[in-house]
$ cat work05.txt   # compact mmCIF, C-alpha atoms
# COMPACT_ATOMS: atom_id res chain seq x y z
CA MET A 1 85.46 111.04 130.75
CA ASP A 2 88.58 112.60 129.28
CA SER A 3 91.59 110.32 129.48
CA GLY A 4 93.64 113.00 131.27
CA MET A 5 91.25 112.87 134.23
CA VAL A 6 91.25 109.07 134.40
CA GLY A 7 94.60 109.03 136.19
CA ASN A 8 93.26 111.23 138.98
CA LEU A 9 90.10 109.14 139.31
CA LEU A 10 92.22 105.98 139.55
CA LYS A 11 94.44 107.63 142.14
CA GLU A 12 91.37 108.50 144.24
CA THR A 13 89.89 105.02 143.91
CA PHE A 14 93.11 103.02 144.43
CA PRO A 15 95.45 105.37 146.33
CA GLU A 16 97.97 102.68 147.24
CA ALA A 17 97.98 100.81 143.92
CA VAL A 18 98.61 103.66 141.49
CA LEU A 19 102.36 104.25 141.37
CA LYS A 20 102.84 106.77 138.57
CA ILE A 21 100.75 108.83 136.17
CA GLU A 22 102.34 110.11 132.98
CA ASP A 23 100.90 112.44 130.37
CA PHE A 24 102.66 112.72 127.04
CA ARG A 25 101.11 114.46 124.03
CA GLY A 26 97.62 113.69 125.19
CA GLU A 27 98.36 110.06 125.95
CA THR A 28 97.91 108.89 129.51
CA SER A 29 99.94 106.06 131.01
CA VAL A 30 99.24 104.80 134.50
CA THR A 31 101.72 102.52 136.24
CA VAL A 32 100.01 100.31 138.77
CA ASP A 33 100.88 97.63 141.30
CA ALA A 34 100.87 94.16 139.74
CA GLY A 35 99.03 92.63 142.69
CA LYS A 36 95.97 94.85 142.19
CA ILE A 37 95.80 94.50 138.41
CA ARG A 38 92.55 92.54 138.36
CA LYS A 39 90.66 94.95 140.61
CA ILE A 40 91.85 97.96 138.63
CA MET A 41 91.06 96.36 135.29
CA ALA A 42 87.58 95.30 136.41
CA PHE A 43 86.98 98.84 137.66
CA LEU A 44 88.14 100.38 134.39
CA LYS A 45 85.79 98.20 132.41
CA GLU A 46 82.73 98.23 134.66
CA SER A 47 82.78 101.87 135.77
CA GLU A 48 80.03 103.91 134.11
CA LYS A 49 82.28 106.94 133.91
CA LEU A 50 85.16 105.15 132.17
CA CYS A 51 83.75 102.16 130.30
CA TYR A 52 87.02 100.85 128.80
CA ASP A 53 85.27 98.01 127.04
CA LEU A 54 87.93 97.19 124.44
CA LEU A 55 91.39 95.75 125.07
CA LEU A 56 93.42 96.84 122.06
CA ASP A 57 96.69 95.21 122.96
CA LEU A 58 98.56 93.49 125.71
CA ALA A 59 102.31 93.36 125.37
CA GLY A 60 105.33 92.39 127.41
CA VAL A 61 108.75 94.05 127.47
CA ASP A 62 112.02 92.65 128.75
CA PHE A 63 114.32 95.31 130.22
CA ASN A 64 116.91 92.70 131.22
CA ASP A 65 119.09 94.85 133.49
CA ARG A 66 116.24 96.55 135.34
CA THR A 67 114.60 95.34 138.52
CA PRO A 68 111.88 94.18 138.21
CA ARG A 69 112.80 92.82 134.84
CA PHE A 70 109.57 92.72 132.83
CA MET A 71 106.88 95.23 132.06
CA ILE A 72 103.38 94.43 130.83
CA ALA A 73 101.44 97.13 129.01
CA TYR A 74 97.67 97.09 128.46
CA MET A 75 96.20 99.35 125.79
CA LEU A 76 92.57 100.12 126.55
CA HIS A 77 89.96 101.88 124.46
CA SER A 78 86.56 103.19 125.42
CA THR A 79 84.12 102.92 122.54
CA LYS A 80 81.60 104.98 124.51
CA PHE A 81 83.84 108.00 125.15
CA ASN A 82 86.31 107.37 122.32
CA ASN A 83 89.53 107.68 124.27
CA LYS A 84 92.50 105.49 125.03
CA LEU A 85 94.42 104.61 128.16
CA ARG A 86 97.67 102.76 128.75
CA ILE A 87 98.12 100.72 131.92
CA LYS A 88 101.61 99.51 132.82
CA THR A 89 102.76 97.11 135.47
CA THR A 90 106.08 95.49 136.28
CA VAL A 91 106.78 91.84 136.94
CA ALA A 92 109.97 90.31 138.32
CA GLU A 93 111.48 87.16 136.84
CA GLY A 94 109.75 84.04 138.10
CA VAL A 95 106.77 85.99 139.44
CA SER A 96 103.35 85.35 137.94
CA LEU A 97 100.63 87.83 137.14
CA ASP A 98 96.84 87.50 137.39
CA THR A 99 95.00 86.99 134.13
CA VAL A 100 92.53 89.49 132.72
CA SER A 101 91.20 87.05 130.14
CA ASP A 102 87.87 86.77 131.97
CA ILE A 103 87.44 90.56 131.90
CA TRP A 104 88.27 90.95 128.21
CA LEU A 105 88.15 87.70 126.23
CA ALA A 106 90.66 89.22 123.81
CA ALA A 107 93.32 88.89 126.48
CA ASN A 108 93.27 85.11 126.15
CA TRP A 109 95.51 84.91 123.07
CA MET A 110 97.50 88.03 123.96
CA GLU A 111 98.51 86.54 127.29
CA ARG A 112 99.41 83.31 125.55
CA GLU A 113 101.68 85.29 123.22
CA VAL A 114 103.38 87.05 126.15
CA PHE A 115 103.85 83.68 127.82
CA ASP A 116 105.22 82.19 124.61
CA MET A 117 107.70 84.99 123.93
CA LEU A 118 108.73 86.06 127.44
CA GLY A 119 107.80 83.19 129.70
CA ILE A 120 105.59 85.18 132.05
CA ILE A 121 102.99 82.99 133.78
CA PHE A 122 99.42 84.27 134.06
CA ASN A 123 97.50 82.88 137.00
CA ASN A 124 94.10 81.28 136.31
CA HIS A 125 94.48 81.54 132.55
CA PRO A 126 92.16 78.93 130.96
CA ASN A 127 94.66 77.65 128.37
CA LEU A 128 98.19 78.90 128.88
CA ILE A 129 100.11 77.10 126.11
CA ARG A 130 102.38 78.32 123.31
CA ILE A 131 100.55 80.09 120.50
CA LEU A 132 103.16 81.16 117.91
CA LEU A 133 106.03 78.71 118.34
CA THR A 134 105.98 74.95 118.14
CA ASP A 135 104.92 73.07 121.25
CA ASP A 136 108.36 71.49 121.71
CA PHE A 137 110.24 74.80 121.49
CA VAL A 138 112.74 75.38 124.30
CA GLY A 139 113.16 78.90 125.67
CA HIS A 140 111.41 82.23 125.29
CA PRO A 141 112.87 84.13 122.31
CA LEU A 142 111.93 87.73 123.17
CA ARG A 143 114.01 87.58 126.33
CA LYS A 144 117.15 89.63 125.81
CA ASP A 145 119.43 86.78 126.86
CA PHE A 146 117.99 84.44 124.22
CA PRO A 147 120.38 84.08 121.24
CA VAL A 148 118.83 85.55 118.08
CA LYS A 149 119.72 82.47 116.05
CA GLY A 150 118.26 80.12 118.62
CA LEU A 151 119.82 77.34 120.62
CA ASP A 152 120.18 74.72 117.85
CA PHE A 153 120.70 76.96 114.83
CA ASP A 154 123.67 75.06 113.40
CA LYS A 155 122.02 71.64 113.62
CA PRO A 156 119.97 70.28 110.70
CA LEU A 157 116.26 70.35 111.27
CA GLN A 158 114.63 66.99 111.90
CA VAL A 159 110.97 66.84 110.93
CA CYS A 160 109.18 63.68 111.99
CA LEU A 161 105.54 63.42 110.91
CA GLU A 162 103.01 61.67 113.12
CA GLU A 163 102.25 59.05 110.47
CA GLU A 164 105.94 58.16 110.12
CA GLN A 165 106.38 57.25 113.78
CA MET B 1 115.07 45.13 88.39
CA GLY B 2 111.66 45.96 86.97
CA VAL B 3 110.42 45.37 83.47
CA GLU B 4 110.43 49.07 82.62
CA ALA B 5 114.00 49.55 83.79
CA THR B 6 115.16 47.46 80.84
CA ALA B 7 113.11 49.46 78.35
CA PRO B 8 115.03 50.92 75.41
CA ALA B 9 116.40 54.41 75.76
CA SER B 10 114.00 55.71 73.14
CA LEU B 11 110.98 54.77 75.27
CA GLN B 12 112.58 56.51 78.22
CA GLU B 13 113.01 59.59 76.08
CA VAL B 14 109.33 59.50 75.20
CA ILE B 15 108.41 59.22 78.88
CA ASN B 16 110.72 62.08 79.80
CA TRP B 17 109.38 64.19 76.98
CA ALA B 18 105.84 63.69 78.21
CA ARG B 19 106.79 64.41 81.79
CA LYS B 20 108.79 67.54 81.16
CA ASN B 21 106.04 69.20 79.16
CA SER B 22 103.29 68.67 81.72
CA VAL B 23 104.86 69.61 85.04
CA TRP B 24 101.85 70.57 87.13
CA PRO B 25 102.76 72.53 90.24
CA VAL B 26 100.91 72.24 93.53
CA THR B 27 99.43 75.51 94.84
CA PHE B 28 101.87 76.24 97.62
CA GLY B 29 102.78 79.85 98.40
CA LEU B 30 104.30 80.73 101.74
CA ALA B 31 105.34 84.38 101.55
CA CYS B 32 105.99 87.27 99.15
CA CYS B 33 107.66 84.96 96.59
CA ALA B 34 104.22 83.45 96.04
CA LEU B 35 103.07 86.74 94.49
CA GLU B 36 105.84 86.52 91.90
CA MET B 37 104.79 82.92 91.28
CA MET B 38 101.20 84.10 90.67
CA VAL B 39 102.44 86.79 88.28
CA ALA B 40 104.33 84.09 86.38
CA SER B 41 100.98 82.51 85.52
CA SER B 42 99.55 85.79 84.23
CA SER B 43 99.28 86.58 80.54
CA THR B 44 102.43 88.74 80.65
CA TYR B 45 104.75 85.89 81.60
CA ASP B 46 102.48 82.97 80.65
CA ILE B 47 103.83 79.94 82.43
CA ALA B 48 101.47 77.90 80.23
CA ARG B 49 104.07 78.03 77.47
CA PHE B 50 105.97 75.42 79.47
CA GLY B 51 102.99 73.22 80.30
CA ALA B 52 103.12 74.21 83.95
CA GLU B 53 100.09 76.48 84.22
CA VAL B 54 97.79 74.04 85.99
CA PHE B 55 98.27 74.89 89.66
CA ARG B 56 96.56 72.00 91.39
CA PRO B 57 94.79 72.61 94.70
CA SER B 58 95.47 68.98 95.67
CA PRO B 59 98.96 67.51 96.04
CA ARG B 60 97.56 64.21 94.71
CA GLN B 61 97.38 65.71 91.22
CA ALA B 62 100.68 67.60 91.23
CA ASP B 63 104.16 66.78 89.93
CA LEU B 64 106.06 69.85 91.10
CA MET B 65 106.26 71.70 94.38
CA ILE B 66 107.41 75.32 94.09
CA VAL B 67 108.41 76.21 97.62
CA ALA B 68 107.77 79.94 97.26
CA GLY B 69 108.71 81.78 100.42
CA THR B 70 109.97 81.55 103.97
CA VAL B 71 109.57 78.14 105.60
CA THR B 72 109.01 78.56 109.32
CA ARG B 73 109.71 75.74 111.72
CA LYS B 74 106.03 75.52 112.50
CA MET B 75 105.21 75.17 108.79
CA ALA B 76 107.90 72.51 108.21
CA PRO B 77 105.73 69.45 109.11
CA MET B 78 102.90 70.64 106.84
CA LEU B 79 105.35 71.21 103.99
CA LYS B 80 106.80 67.74 104.37
CA ARG B 81 103.35 66.18 104.58
CA ILE B 82 102.21 67.88 101.36
CA TYR B 83 105.39 66.68 99.66
CA GLU B 84 104.79 63.12 100.87
CA GLN B 85 101.23 63.26 99.57
CA MET B 86 102.35 64.07 96.03
CA PRO B 87 102.52 60.98 93.80
CA GLU B 88 105.78 59.92 92.18
CA PRO B 89 107.47 61.14 90.10
CA LYS B 90 107.76 64.53 91.78
CA TRP B 91 110.14 67.46 91.67
CA VAL B 92 110.86 70.45 93.88
CA ILE B 93 111.93 74.01 93.05
CA ALA B 94 113.24 76.09 95.97
CA TYR B 95 112.06 79.53 94.87
CA GLY B 96 113.68 82.53 96.55
CA ALA B 97 116.49 83.12 99.01
CA CYS B 98 114.44 82.00 102.02
CA ALA B 99 113.54 78.62 100.56
CA CYS B 100 117.12 78.12 99.32
CA SER B 101 118.99 79.02 102.49
CA GLY B 102 116.79 80.84 104.99
CA GLY B 103 117.64 84.16 103.35
CA ILE B 104 117.82 87.17 105.64
CA PHE B 105 116.07 85.31 108.42
CA GLN B 106 118.92 83.80 110.40
CA THR B 107 116.62 83.26 113.35
CA TYR B 108 115.30 80.59 115.63
CA ASN B 109 111.97 80.18 113.84
CA VAL B 110 113.00 79.86 110.18
CA VAL B 111 114.20 76.68 108.47
CA GLN B 112 117.64 77.41 107.01
CA GLY B 113 116.91 75.99 103.58
CA VAL B 114 114.05 73.74 102.60
CA ASP B 115 116.57 71.09 101.49
CA GLN B 116 116.88 70.15 105.16
CA ILE B 117 113.40 68.65 104.92
CA ILE B 118 112.80 67.57 101.31
CA PRO B 119 115.10 66.96 98.30
CA VAL B 120 115.39 69.98 95.98
CA ASP B 121 115.98 69.78 92.22
CA VAL B 122 116.38 73.43 91.21
CA TYR B 123 117.32 76.44 93.32
CA VAL B 124 116.15 79.89 92.17
CA PRO B 125 117.89 82.65 94.15
CA GLY B 126 116.57 86.19 94.54
CA CYS B 127 114.57 88.19 97.05
CA PRO B 128 112.12 87.70 95.51
CA PRO B 129 113.20 86.35 92.10
CA ARG B 130 111.41 87.88 89.14
CA PRO B 131 108.87 85.73 87.31
CA GLU B 132 111.48 85.20 84.61
CA GLY B 133 113.53 83.51 87.33
CA LEU B 134 110.77 80.99 87.89
CA LEU B 135 110.45 80.40 84.15
CA LYS B 136 114.21 79.83 83.95
CA GLY B 137 113.91 77.46 86.90
CA ILE B 138 111.19 75.49 85.13
CA ILE B 139 113.26 75.37 81.92
CA THR B 140 116.24 74.11 83.93
CA LEU B 141 114.02 71.48 85.51
CA GLN B 142 112.74 70.45 82.09
CA GLU B 143 116.31 70.04 80.87
CA LYS B 144 116.99 67.90 83.93
CA ILE B 145 113.89 65.75 83.39
CA ALA B 146 114.74 65.27 79.70
CA VAL B 147 117.96 63.38 80.49
CA GLU B 148 116.81 61.42 83.53
CA PRO B 149 117.87 57.78 83.14
CA ALA B 150 115.46 54.89 83.54
CA GLY B 151 114.90 53.75 87.10
CA GLN B 152 115.78 57.06 88.71
CA ARG B 153 112.20 58.00 89.57
CA LYS B 154 109.87 55.69 91.39
CA LEU B 155 106.42 55.16 89.95
CA VAL B 156 104.36 53.69 92.73
CA SER B 157 101.22 53.30 90.66
CA LEU B 158 102.74 50.40 88.69
CA PRO B 159 102.95 47.05 90.44
CA TRP B 160 106.58 46.43 89.52
CA GLY B 161 107.78 49.60 91.27
CA ASN B 162 110.63 51.43 89.61
CA ASN B 163 109.97 52.24 86.01
CA GLY B 164 112.09 55.29 85.52
$ encode --input "work05.txt" --output "structure tokens"
Amino acid sequence: MDSGMVGNLLKETFPEAVLKIEDFRGETSVTVDAGKIRKIMAFLKESEKLCYDLLLDLAGVDFNDRTPRFMIAYMLHSTKFNNKLRIKTTVAEGVSLDTVSDIWLAANWMEREVFDMLGIIFNNHPNLIRILLTDDFVGHPLRKDFPVKGLDFDKPLQVCLEEEQ
Amino acid sequence: MGVEATAPASLQEVINWARKNSVWPVTFGLACCALEMMVASSSTYDIARFGAEVFRPSPRQADLMIVAGTVTRKMAPMLKRIYEQMPEPKWVIAYGACACSGGIFQTYNVVQGVDQIIPVDVYVPGCPPRPEGLLKGIITLQEKIAVEPAGQRKLVSLPWGNNG
């Protein structure tokens, strides 16, 4: 199915969950309700007409002054029909989102990265721990209110190896 | 004071001469500076002229650590562990702006100078420094090794400890 028609099909299937459909230069973005994200994602993957079997990317954005504050974007690709779709959803600060890591296994590390950088909790994620930063890191650096230099930039770094303790 | 610490200056000069002409670096490249370090071992620049061409894959066989590139905070424990695994005597060259001072990365995830973790003998600035910079750094290190007094460097393999 052509990606331009996917928005309409989603609107028919989930009339209350699809909030906005945008078309820009042949790219389709669908903004959906965060509470229904799992049902929509499962539908997009399982449906014979759509078959979005590949999760290209999963990213978080911090808009800081907007309400709700965060946006999560899912980039989907259908290897069967060779088209792409962007799904967006918004999350307020302190609110968690359902995981899609059981629908696409690729989401496992991507959700860990979003958690690491933005501090968004994904419900039912099998292993939601930091992936890029050290385990003892304090804060979430891609949040706009996080200082670029970090919290302890001017202090000398203490490295204590396990075997020295 | 160990037996070797009282050795005549001429013996110390012989030891230093042997050390400075066989400084074997450990294979340790972290970022783009590592590519310049590899070029330095090519036939064009020929690091072998200074006896430092044998990049050892094991820190147990190395005398010199060329910290070539950006040291992230997550990499810092591994870097320190590799340094600790090198046998004495050992030297360190901080190669490039990132290893010297953090360079352009004044951020939360980059160590602001590798000298916060391990002692550094020679700093080579540049982003990245040309291979000639590394050769100059090695020559500077050789000049430093040549005049090292007895007892300055530990030698753990000898039972009496410090031997210069």
$ residues_around --input "work05.txt" --residues "range 15-17 of chain A" --least-positions-apart "6" --cutoff "10 Å" --atoms "all atoms listed in the file" --output "ChimeraX atom specification"
/A:8-9,31-37,39-40
$ residues_around --input "work05.txt" --residues "range 127-130 of chain A" --least-positions-apart "6" --cutoff "12 Å" --atoms "all atoms listed in the file" --output "list in words"
Thr99, Ser101, Asp102, Ala107, Asn108, Trp109, Met110, Glu111, Arg112, Glu113, Val114, Phe115, Asp116, Met117, Leu118, Gly119, Ile120, Ile121, Asp136, Phe137, Val138, Gly139 and His140 of chain A; Lys74 of chain B
$ residues_around --input "work05.txt" --residues "Gln106 in chain B" --least-positions-apart "3" --cutoff "8 Å" --atoms "only C-alpha atoms" --output "MDAnalysis selection string"
(chainID A and resid 148:149) or (chainID B and resid 102:103 110 112)
$ interface_residues --input "work05.txt" --of "chain A" --to "chain B" --cutoff "10 Å" --atoms "all atoms listed in the file" --output "PyMOL selection string"
chain A and resi 132-135+137+141+146-163
$ write_last_selection --input "work05.txt" --atoms "C-alpha atoms" --output "PDB file, keeping the file's coordinate frame"
ATOM      1  CA  LEU A 132     103.160  81.160 117.910  1.00  0.00           C
ATOM      2  CA  LEU A 133     106.030  78.710 118.340  1.00  0.00           C
ATOM      3  CA  THR A 134     105.980  74.950 118.140  1.00  0.00           C
ATOM      4  CA  ASP A 135     104.920  73.070 121.250  1.00  0.00           C
ATOM      5  CA  PHE A 137     110.240  74.800 121.490  1.00  0.00           C
ATOM      6  CA  PRO A 141     112.870  84.130 122.310  1.00  0.00           C
ATOM      7  CA  PHE A 146     117.990  84.440 124.220  1.00  0.00           C
ATOM      8  CA  PRO A 147     120.380  84.080 121.240  1.00  0.00           C
ATOM      9  CA  VAL A 148     118.830  85.550 118.080  1.00  0.00           C
ATOM     10  CA  LYS A 149     119.720  82.470 116.050  1.00  0.00           C
ATOM     11  CA  GLY A 150     118.260  80.120 118.620  1.00  0.00           C
ATOM     12  CA  LEU A 151     119.820  77.340 120.620  1.00  0.00           C
ATOM     13  CA  ASP A 152     120.180  74.720 117.850  1.00  0.00           C
ATOM     14  CA  PHE A 153     120.700  76.960 114.830  1.00  0.00           C
ATOM     15  CA  ASP A 154     123.670  75.060 113.400  1.00  0.00           C
ATOM     16  CA  LYS A 155     122.020  71.640 113.620  1.00  0.00           C
ATOM     17  CA  PRO A 156     119.970  70.280 110.700  1.00  0.00           C
ATOM     18  CA  LEU A 157     116.260  70.350 111.270  1.00  0.00           C
ATOM     19  CA  GLN A 158     114.630  66.990 111.900  1.00  0.00           C
ATOM     20  CA  VAL A 159     110.970  66.840 110.930  1.00  0.00           C
ATOM     21  CA  CYS A 160     109.180  63.680 111.990  1.00  0.00           C
ATOM     22  CA  LEU A 161     105.540  63.420 110.910  1.00  0.00           C
ATOM     23  CA  GLU A 162     103.010  61.670 113.120  1.00  0.00           C
ATOM     24  CA  GLU A 163     102.250  59.050 110.470  1.00  0.00           C
TER      25      GLU A 163
END
$ axis_aligned_box --input "work05.txt" --around "range 38-45 of chain A" --padding-each-side "8 Å" --output "lines of an AutoDock Vina configuration file"
center_x = 89.2
center_y = 96.5
center_z = 136.5
size_x = 22.8
size_y = 23.8
size_z = 24.2
$ residues_near_point --input "work05.txt" --point "(113.5, 88.9, 129.3)" --cutoff "6 Å" --atoms "all atoms listed in the file" --output "list in words"
Asp62, Asn64, Leu118, Arg143 and Lys144 of chain A
$ atom_distance --input "work05.txt" --atom1 "CA of Tyr45 in chain B" --atom2 "CA of Ala31 in chain B"
20.0 Å
$ atom_distance --input "work05.txt" --atom1 "CA of Ile66 in chain B" --atom2 "CA of Ile93 in chain B"
4.8 Å
$ atom_distance --input "work05.txt" --atom1 "CA of Asn123 in chain A" --atom2 "CA of Gly94 in chain A"
12.4 Å
$ residues_around --input "work05.txt" --residues "Thr89 in chain A" --least-positions-apart "3" --cutoff "12 Å" --atoms "all atoms listed in the file" --output "PyMOL selection string"
chain A and resi 17-21+29-38+40-41+58-61+68-75+86+92+97-98
$ closest_residue --input "work05.txt" --among "A:Ile131, A:Leu10, A:Leu105, A:Val95" --to "Leu56 in chain A" --atoms "all atoms listed in the file"
A:Leu105
$ build_atoms --input "work05.txt" --residues "range 4-26 of chain A" --atoms "N, CA and C atoms" --output "PDB file, keeping the file's coordinate frame"
ATOM      1  N   GLY A   4      92.748 112.324 130.342  1.00  0.00           N
ATOM      2  CA  GLY A   4      93.640 113.000 131.270  1.00  0.00           C
ATOM      3  C   GLY A   4      93.143 112.967 132.703  1.00  0.00           C
ATOM      4  N   MET A   5      91.811 112.878 132.877  1.00  0.00           N
ATOM      5  CA  MET A   5      91.250 112.870 134.230  1.00  0.00           C
ATOM      6  C   MET A   5      91.179 111.458 134.798  1.00  0.00           C
ATOM      7  N   VAL A   6      91.377 110.455 133.945  1.00  0.00           N
ATOM      8  CA  VAL A   6      91.250 109.070 134.400  1.00  0.00           C
ATOM      9  C   VAL A   6      92.311 108.755 135.458  1.00  0.00           C
ATOM     10  N   GLY A   7      93.523 109.276 135.236  1.00  0.00           N
ATOM     11  CA  GLY A   7      94.600 109.030 136.190  1.00  0.00           C
ATOM     12  C   GLY A   7      94.225 109.505 137.593  1.00  0.00           C
ATOM     13  N   ASN A   8      93.651 110.713 137.670  1.00  0.00           N
ATOM     14  CA  ASN A   8      93.260 111.230 138.980  1.00  0.00           C
ATOM     15  C   ASN A   8      92.156 110.394 139.602  1.00  0.00           C
ATOM     16  N   LEU A   9      91.187 109.978 138.774  1.00  0.00           N
ATOM     17  CA  LEU A   9      90.100 109.140 139.310  1.00  0.00           C
ATOM     18  C   LEU A   9      90.654 107.824 139.838  1.00  0.00           C
ATOM     19  N   LEU A  10      91.616 107.235 139.081  1.00  0.00           N
ATOM     20  CA  LEU A  10      92.220 105.980 139.550  1.00  0.00           C
ATOM     21  C   LEU A  10      92.976 106.203 140.854  1.00  0.00           C
ATOM     22  N   LYS A  11      93.661 107.323 140.934  1.00  0.00           N
ATOM     23  CA  LYS A  11      94.440 107.630 142.140  1.00  0.00           C
ATOM     24  C   LYS A  11      93.512 107.771 143.344  1.00  0.00           C
ATOM     25  N   GLU A  12      92.322 108.366 143.138  1.00  0.00           N
ATOM     26  CA  GLU A  12      91.370 108.500 144.240  1.00  0.00           C
ATOM     27  C   GLU A  12      90.814 107.141 144.636  1.00  0.00           C
ATOM     28  N   THR A  13      90.531 106.299 143.616  1.00  0.00           N
ATOM     29  CA  THR A  13      89.890 105.020 143.910  1.00  0.00           C
ATOM     30  C   THR A  13      90.871 104.015 144.499  1.00  0.00           C
ATOM     31  N   PHE A  14      92.092 103.968 143.934  1.00  0.00           N
ATOM     32  CA  PHE A  14      93.110 103.020 144.430  1.00  0.00           C
ATOM     33  C   PHE A  14      94.354 103.800 144.851  1.00  0.00           C
ATOM     34  N   PRO A  15      94.307 104.494 145.981  1.00  0.00           N
ATOM     35  CA  PRO A  15      95.450 105.370 146.330  1.00  0.00           C
ATOM     36  C   PRO A  15      96.763 104.624 146.489  1.00  0.00           C
ATOM     37  N   GLU A  16      96.708 103.376 146.968  1.00  0.00           N
ATOM     38  CA  GLU A  16      97.970 102.680 147.240  1.00  0.00           C
ATOM     39  C   GLU A  16      98.464 101.890 146.024  1.00  0.00           C
ATOM     40  N   ALA A  17      97.583 101.645 145.058  1.00  0.00           N
ATOM     41  CA  ALA A  17      97.980 100.810 143.920  1.00  0.00           C
ATOM     42  C   ALA A  17      98.518 101.603 142.744  1.00  0.00           C
ATOM     43  N   VAL A  18      98.132 102.854 142.619  1.00  0.00           N
ATOM     44  CA  VAL A  18      98.610 103.660 141.490  1.00  0.00           C
ATOM     45  C   VAL A  18      99.967 104.246 141.832  1.00  0.00           C
ATOM     46  N   LEU A  19     100.987 103.855 141.041  1.00  0.00           N
ATOM     47  CA  LEU A  19     102.360 104.250 141.370  1.00  0.00           C
ATOM     48  C   LEU A  19     102.788 105.499 140.614  1.00  0.00           C
ATOM     49  N   LYS A  20     102.361 105.648 139.380  1.00  0.00           N
ATOM     50  CA  LYS A  20     102.840 106.770 138.570  1.00  0.00           C
ATOM     51  C   LYS A  20     101.808 107.106 137.501  1.00  0.00           C
ATOM     52  N   ILE A  21     101.642 108.394 137.243  1.00  0.00           N
ATOM     53  CA  ILE A  21     100.750 108.830 136.170  1.00  0.00           C
ATOM     54  C   ILE A  21     101.551 109.718 135.227  1.00  0.00           C
ATOM     55  N   GLU A  22     101.571 109.331 133.957  1.00  0.00           N
ATOM     56  CA  GLU A  22     102.340 110.110 132.980  1.00  0.00           C
ATOM     57  C   GLU A  22     101.389 110.650 131.910  1.00  0.00           C
ATOM     58  N   ASP A  23     101.638 111.876 131.481  1.00  0.00           N
ATOM     59  CA  ASP A  23     100.900 112.440 130.370  1.00  0.00           C
ATOM     60  C   ASP A  23     101.894 112.879 129.317  1.00  0.00           C
ATOM     61  N   PHE A  24     101.735 112.362 128.117  1.00  0.00           N
ATOM     62  CA  PHE A  24     102.660 112.720 127.040  1.00  0.00           C
ATOM     63  C   PHE A  24     101.870 112.905 125.756  1.00  0.00           C
ATOM     64  N   ARG A  25     101.818 114.135 125.272  1.00  0.00           N
ATOM     65  CA  ARG A  25     101.110 114.460 124.030  1.00  0.00           C
ATOM     66  C   ARG A  25      99.698 113.909 124.028  1.00  0.00           C
ATOM     67  N   GLY A  26      99.019 114.112 125.113  1.00  0.00           N
ATOM     68  CA  GLY A  26      97.620 113.690 125.190  1.00  0.00           C
ATOM     69  C   GLY A  26      97.402 112.224 125.460  1.00  0.00           C
TER      70      GLY A  26
END
